[in-house]
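Asks: Got a file for you: query15.txt, compact mmCIF, N, CA and C atoms and all ligand atoms.
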```
# COMPACT_ATOMS: atom_id res chain seq x y z
N MET A 1 190.62 72.01 75.62
CA MET A 1 191.80 72.46 74.89
C MET A 1 192.81 73.00 75.90
N SER A 2 193.16 72.09 76.82
CA SER A 2 194.11 72.55 77.81
C SER A 2 195.54 72.16 77.43
N LYS A 3 195.56 71.40 76.35
CA LYS A 3 196.91 70.97 75.96
C LYS A 3 197.69 72.16 75.43
N GLN A 4 198.82 72.21 75.95
CA GLN A 4 199.67 73.28 75.45
C GLN A 4 200.53 72.73 74.31
N PRO A 5 200.73 73.50 73.37
CA PRO A 5 201.58 73.00 72.26
C PRO A 5 202.96 72.66 72.77
N ALA A 6 203.42 71.52 72.29
CA ALA A 6 204.74 71.09 72.71
C ALA A 6 205.76 72.15 72.36
N PRO A 7 206.68 72.30 73.28
CA PRO A 7 207.69 73.30 72.98
C PRO A 7 208.47 72.95 71.71
N ALA A 8 208.59 73.89 70.93
CA ALA A 8 209.30 73.65 69.67
C ALA A 8 210.72 73.22 69.98
N PRO A 9 211.20 72.23 69.27
CA PRO A 9 212.58 71.80 69.51
C PRO A 9 213.54 72.95 69.24
N ALA A 10 214.55 72.92 70.07
CA ALA A 10 215.52 74.00 69.91
C ALA A 10 216.09 73.97 68.50
N PRO A 11 216.19 75.09 67.93
CA PRO A 11 216.73 75.12 66.56
C PRO A 11 218.15 74.59 66.52
N VAL A 12 218.34 73.70 65.59
CA VAL A 12 219.68 73.11 65.45
C VAL A 12 220.64 74.19 64.98
N PRO A 13 221.70 74.31 65.69
CA PRO A 13 222.65 75.34 65.24
C PRO A 13 223.17 75.02 63.85
N ALA A 14 223.15 76.00 63.05
CA ALA A 14 223.61 75.78 61.68
C ALA A 14 225.06 75.34 61.70
N PRO A 15 225.38 74.36 60.88
CA PRO A 15 226.79 73.91 60.85
C PRO A 15 227.69 75.07 60.43
N ALA A 16 228.82 75.06 61.07
CA ALA A 16 229.75 76.13 60.75
C ALA A 16 230.07 76.13 59.27
N THR A 17 229.95 77.27 58.74
CA THR A 17 230.19 77.36 57.29
C THR A 17 231.66 77.13 57.01
N GLU A 18 231.87 76.22 56.13
CA GLU A 18 233.26 75.93 55.77
C GLU A 18 233.80 77.05 54.90
N PRO A 19 235.07 77.23 54.97
CA PRO A 19 235.64 78.25 54.09
C PRO A 19 235.32 77.92 52.63
N ALA A 20 234.91 78.92 51.92
CA ALA A 20 234.45 78.68 50.55
C ALA A 20 235.55 78.05 49.72
N ALA A 21 235.27 76.84 49.29
CA ALA A 21 236.24 76.16 48.45
C ALA A 21 236.21 76.81 47.07
N PRO A 22 237.34 76.80 46.42
CA PRO A 22 237.34 77.37 45.06
C PRO A 22 236.36 76.62 44.18
N VAL A 23 235.51 77.38 43.58
CA VAL A 23 234.47 76.75 42.77
C VAL A 23 235.11 76.20 41.50
N GLU A 24 234.91 74.91 41.32
CA GLU A 24 235.46 74.31 40.11
C GLU A 24 234.56 74.60 38.93
N GLU A 25 235.19 75.08 37.89
CA GLU A 25 234.38 75.37 36.71
C GLU A 25 234.02 74.07 36.03
N LYS A 26 232.75 73.92 35.90
CA LYS A 26 232.30 72.68 35.25
C LYS A 26 232.19 72.90 33.75
N LYS A 27 232.83 72.01 33.05
CA LYS A 27 232.74 72.12 31.60
C LYS A 27 231.37 71.57 31.16
N PRO A 28 230.82 72.22 30.19
CA PRO A 28 229.55 71.69 29.69
C PRO A 28 229.75 70.28 29.12
N GLU A 29 228.91 69.41 29.56
CA GLU A 29 229.07 68.03 29.13
C GLU A 29 228.80 67.90 27.63
N LYS A 30 229.72 67.19 27.02
CA LYS A 30 229.54 67.00 25.58
C LYS A 30 228.52 65.90 25.35
N LYS A 31 227.62 66.21 24.50
CA LYS A 31 226.62 65.19 24.18
C LYS A 31 227.17 64.31 23.07
N ALA A 32 227.15 63.04 23.34
CA ALA A 32 227.66 62.11 22.35
C ALA A 32 226.67 62.02 21.20
N LYS A 33 227.23 62.26 20.03
CA LYS A 33 226.36 62.16 18.86
C LYS A 33 226.13 60.69 18.54
N PRO A 34 224.97 60.38 18.08
CA PRO A 34 224.75 58.99 17.67
C PRO A 34 225.58 58.70 16.43
N LYS A 35 226.44 57.71 16.58
CA LYS A 35 227.35 57.40 15.49
C LYS A 35 226.72 56.38 14.55
N ALA A 36 226.99 56.63 13.30
CA ALA A 36 226.54 55.65 12.32
C ALA A 36 227.47 54.45 12.41
N PRO A 37 226.94 53.28 12.20
CA PRO A 37 227.82 52.11 12.27
C PRO A 37 228.91 52.18 11.23
N LYS A 38 230.09 51.74 11.64
CA LYS A 38 231.23 51.79 10.73
C LYS A 38 231.02 50.82 9.59
N ARG A 39 231.31 51.35 8.42
CA ARG A 39 231.21 50.48 7.27
C ARG A 39 232.59 50.27 6.69
N ARG A 40 232.88 49.06 6.38
CA ARG A 40 234.18 48.77 5.79
C ARG A 40 234.13 49.10 4.31
N ILE A 41 235.30 49.39 3.81
CA ILE A 41 235.40 49.71 2.39
C ILE A 41 235.09 48.45 1.60
N GLN A 42 234.23 48.62 0.63
CA GLN A 42 233.85 47.46 -0.17
C GLN A 42 234.72 47.44 -1.41
N VAL A 43 235.87 46.81 -1.24
CA VAL A 43 236.88 46.86 -2.29
C VAL A 43 236.41 46.11 -3.52
N TYR A 44 235.58 45.13 -3.31
CA TYR A 44 235.18 44.34 -4.47
C TYR A 44 234.39 45.18 -5.46
N LYS A 45 233.90 46.32 -5.01
CA LYS A 45 233.16 47.17 -5.93
C LYS A 45 234.08 47.96 -6.86
N LEU A 46 235.37 47.91 -6.56
CA LEU A 46 236.30 48.68 -7.37
C LEU A 46 236.84 47.87 -8.55
N TYR A 47 236.51 46.60 -8.55
CA TYR A 47 236.98 45.75 -9.63
C TYR A 47 235.80 45.12 -10.33
N LYS A 48 236.07 44.77 -11.56
CA LYS A 48 235.05 44.04 -12.29
C LYS A 48 235.73 42.90 -13.02
N VAL A 49 235.29 41.72 -12.74
CA VAL A 49 235.90 40.55 -13.34
C VAL A 49 235.02 40.10 -14.49
N ASP A 50 235.65 40.01 -15.62
CA ASP A 50 234.91 39.54 -16.80
C ASP A 50 235.68 38.38 -17.38
N GLY A 51 235.24 37.20 -17.00
CA GLY A 51 235.95 36.02 -17.49
C GLY A 51 237.33 35.96 -16.86
N ASP A 52 238.34 36.01 -17.71
CA ASP A 52 239.70 35.96 -17.20
C ASP A 52 240.30 37.35 -17.02
N SER A 53 239.56 38.35 -17.48
CA SER A 53 240.14 39.70 -17.41
C SER A 53 239.58 40.45 -16.21
N LEU A 54 240.41 41.31 -15.70
CA LEU A 54 240.04 42.09 -14.54
C LEU A 54 240.06 43.57 -14.91
N ALA A 55 238.99 44.25 -14.58
CA ALA A 55 238.95 45.68 -14.89
C ALA A 55 238.84 46.46 -13.60
N ARG A 56 239.60 47.53 -13.56
CA ARG A 56 239.53 48.41 -12.40
C ARG A 56 238.59 49.57 -12.74
N LEU A 57 237.62 49.75 -11.88
CA LEU A 57 236.58 50.72 -12.19
C LEU A 57 236.96 52.14 -11.77
N ARG A 58 238.03 52.28 -11.04
CA ARG A 58 238.45 53.62 -10.60
C ARG A 58 239.85 53.88 -11.10
N LYS A 59 240.12 55.13 -11.29
CA LYS A 59 241.47 55.50 -11.70
C LYS A 59 242.40 55.37 -10.49
N GLU A 60 243.61 54.90 -10.77
CA GLU A 60 244.55 54.76 -9.67
C GLU A 60 245.29 56.07 -9.44
N CYS A 61 245.70 56.25 -8.21
CA CYS A 61 246.39 57.49 -7.86
C CYS A 61 247.79 57.48 -8.46
N PRO A 62 248.15 58.52 -9.21
CA PRO A 62 249.49 58.56 -9.80
C PRO A 62 250.59 58.72 -8.77
N ARG A 63 250.27 59.23 -7.62
CA ARG A 63 251.28 59.40 -6.58
C ARG A 63 251.47 58.12 -5.78
N CYS A 64 250.34 57.53 -5.38
CA CYS A 64 250.43 56.38 -4.47
C CYS A 64 250.68 55.09 -5.21
N GLY A 65 250.26 55.05 -6.46
CA GLY A 65 250.54 53.86 -7.23
C GLY A 65 249.39 52.87 -7.21
N LYS A 66 249.77 51.62 -7.45
CA LYS A 66 248.75 50.59 -7.61
C LYS A 66 248.06 50.32 -6.28
N GLY A 67 246.79 50.06 -6.39
CA GLY A 67 246.03 49.71 -5.19
C GLY A 67 245.40 50.90 -4.51
N TYR A 68 245.74 52.10 -4.97
CA TYR A 68 245.13 53.30 -4.38
C TYR A 68 244.24 53.92 -5.43
N PHE A 69 242.97 53.83 -5.18
CA PHE A 69 242.03 54.30 -6.18
C PHE A 69 241.54 55.69 -5.82
N MET A 70 241.21 56.41 -6.87
CA MET A 70 240.73 57.77 -6.69
C MET A 70 239.22 57.73 -6.47
N ALA A 71 238.77 58.51 -5.52
CA ALA A 71 237.33 58.59 -5.28
C ALA A 71 236.71 59.51 -6.31
N GLN A 72 235.56 59.14 -6.77
CA GLN A 72 234.88 59.94 -7.78
C GLN A 72 233.89 60.87 -7.10
N HIS A 73 234.11 62.14 -7.36
CA HIS A 73 233.15 63.13 -6.88
C HIS A 73 232.51 63.79 -8.10
N GLY A 74 231.77 64.80 -7.82
CA GLY A 74 231.02 65.41 -8.90
C GLY A 74 231.89 65.90 -10.05
N ASP A 75 232.93 66.64 -9.73
CA ASP A 75 233.74 67.22 -10.79
C ASP A 75 235.22 66.92 -10.61
N ARG A 76 235.50 65.95 -9.76
CA ARG A 76 236.91 65.71 -9.50
C ARG A 76 237.14 64.28 -9.04
N LEU A 77 238.41 63.90 -9.10
CA LEU A 77 238.84 62.62 -8.57
C LEU A 77 239.82 62.91 -7.44
N THR A 78 239.65 62.24 -6.34
CA THR A 78 240.48 62.53 -5.18
C THR A 78 241.05 61.24 -4.61
N CYS A 79 242.32 61.33 -4.22
CA CYS A 79 242.93 60.20 -3.52
C CYS A 79 242.74 60.42 -2.03
N GLY A 80 242.14 59.48 -1.36
CA GLY A 80 241.94 59.62 0.07
C GLY A 80 243.20 59.36 0.86
N HIS A 81 244.23 58.82 0.18
CA HIS A 81 245.46 58.50 0.89
C HIS A 81 246.37 59.71 0.98
N CYS A 82 246.60 60.36 -0.18
CA CYS A 82 247.55 61.47 -0.18
C CYS A 82 246.87 62.80 -0.45
N GLY A 83 245.62 62.79 -0.87
CA GLY A 83 244.93 64.04 -1.12
C GLY A 83 245.07 64.55 -2.54
N TYR A 84 245.70 63.77 -3.38
CA TYR A 84 245.85 64.18 -4.77
C TYR A 84 244.49 64.33 -5.42
N THR A 85 244.32 65.43 -6.12
CA THR A 85 243.02 65.71 -6.72
C THR A 85 243.20 66.13 -8.16
N THR A 86 242.39 65.58 -9.01
CA THR A 86 242.35 66.04 -10.39
C THR A 86 240.93 66.48 -10.68
N TYR A 87 240.84 67.58 -11.35
CA TYR A 87 239.53 68.10 -11.70
C TYR A 87 239.20 67.70 -13.12
N ALA A 88 237.97 67.35 -13.28
CA ALA A 88 237.52 66.99 -14.62
C ALA A 88 237.53 68.25 -15.48
N GLN A 89 238.03 68.07 -16.69
CA GLN A 89 238.08 69.23 -17.59
C GLN A 89 236.68 69.51 -18.13
N LYS A 90 236.34 70.76 -18.06
CA LYS A 90 235.03 71.14 -18.58
C LYS A 90 235.06 71.11 -20.10
N LYS A 91 233.98 70.64 -20.64
CA LYS A 91 233.91 70.55 -22.10
C LYS A 91 233.76 71.94 -22.72
N GLN A 92 233.06 72.79 -22.03
CA GLN A 92 232.85 74.14 -22.58
C GLN A 92 233.92 75.07 -22.03
N ASP A 93 234.55 75.75 -22.94
CA ASP A 93 235.58 76.72 -22.53
C ASP A 93 234.91 78.05 -22.19
N PRO A 94 235.03 78.52 -20.97
CA PRO A 94 234.34 79.76 -20.60
C PRO A 94 234.90 80.97 -21.33
N HIS A 95 236.12 80.83 -21.88
CA HIS A 95 236.70 82.00 -22.55
C HIS A 95 236.39 82.02 -24.02
N ALA A 96 235.75 81.00 -24.51
CA ALA A 96 235.47 80.94 -25.93
C ALA A 96 234.39 81.94 -26.32
ZN ZN A 101 247.36 59.16 -3.49
```
What does the file become when written as structure tokens?
Replies:
Amino acid sequence: MSKQPAPAPAPVPAPATEPAAPVEEKKPEKKAKPKAPKRRIQVYKLYKVDGDSLARLRKECPRCGKGYFMAQHGDRLTCGHCGYTTYAQKKQDPHA
């Protein structure tokens, strides 16, 4: 065991520290939500053809006119175009 350990390599001088750059604030990355595939409006569901007659299954918007149908919700009808909303009248009068 006459071998002497090799001299350790001279320590590499640490690189000169650069002047501290302004730390850029990193915005938290937004996670993309999985999107549901876009569905087109199925307009044919709004009409019913019976022989030669055509029936519209939805009420039309009084503001927007023909071709704008009101969406049916639980207690109201809403126009998605202008936001017009009518509430269904309750059969029972709460003040009675
Ligand atoms: Zn409307």
Asks: Find the distance between atom N of Arg63 in chain A and atom C of Val43 in chain A and write it in Å to one decimal.
Replies: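 Computing the Euclidean distance for atom N of Arg63 in chain A and atom C of Val43 in chain A yields 19.5 Å.
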Asks: Counting only N, CA and C atoms and all ligand atoms, which protein, DNA or RNA residues come within 6 Å of ligand ZN 101 (chain A), given as a ChimeraX atom specification?
Replies: /A:61-65,79-84
Asks: Take CA of Thr86 in chain A and CA of Glu60 in chain A and report the distance between them in Å, one decimal.
Replies: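 Interatomic distance here is 11.5 Å.
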Asks: Give the answer as one residue: which of A:Lys48, A:Arg40, A:His73, A:Arg58 has the shortest atom-to-atom distance to Ala88 in chain A, using only C-alpha atoms?
Replies: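 For Ala88 in chain A, the nearest of the candidates is A:His73.
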Asks: If you measure from atom N of Asp75 in chain A to atom C of Tyr87 in chain A, what distance in Å do you get, rounded to one decimal?
Replies: 7.2 Å
Asks: With 4 Å on each side, where is the centre of the axis-aligned box around all listed atoms of range 60-63 of chain A, and how long are its edges in Å to one decimal, as AutoDock Vina command-line options?
Replies:
```
--center_x 247.5 --center_y 57.1 --center_z -8.3 --size_x 15.9 --size_y 12.6 --size_z 13.0
```
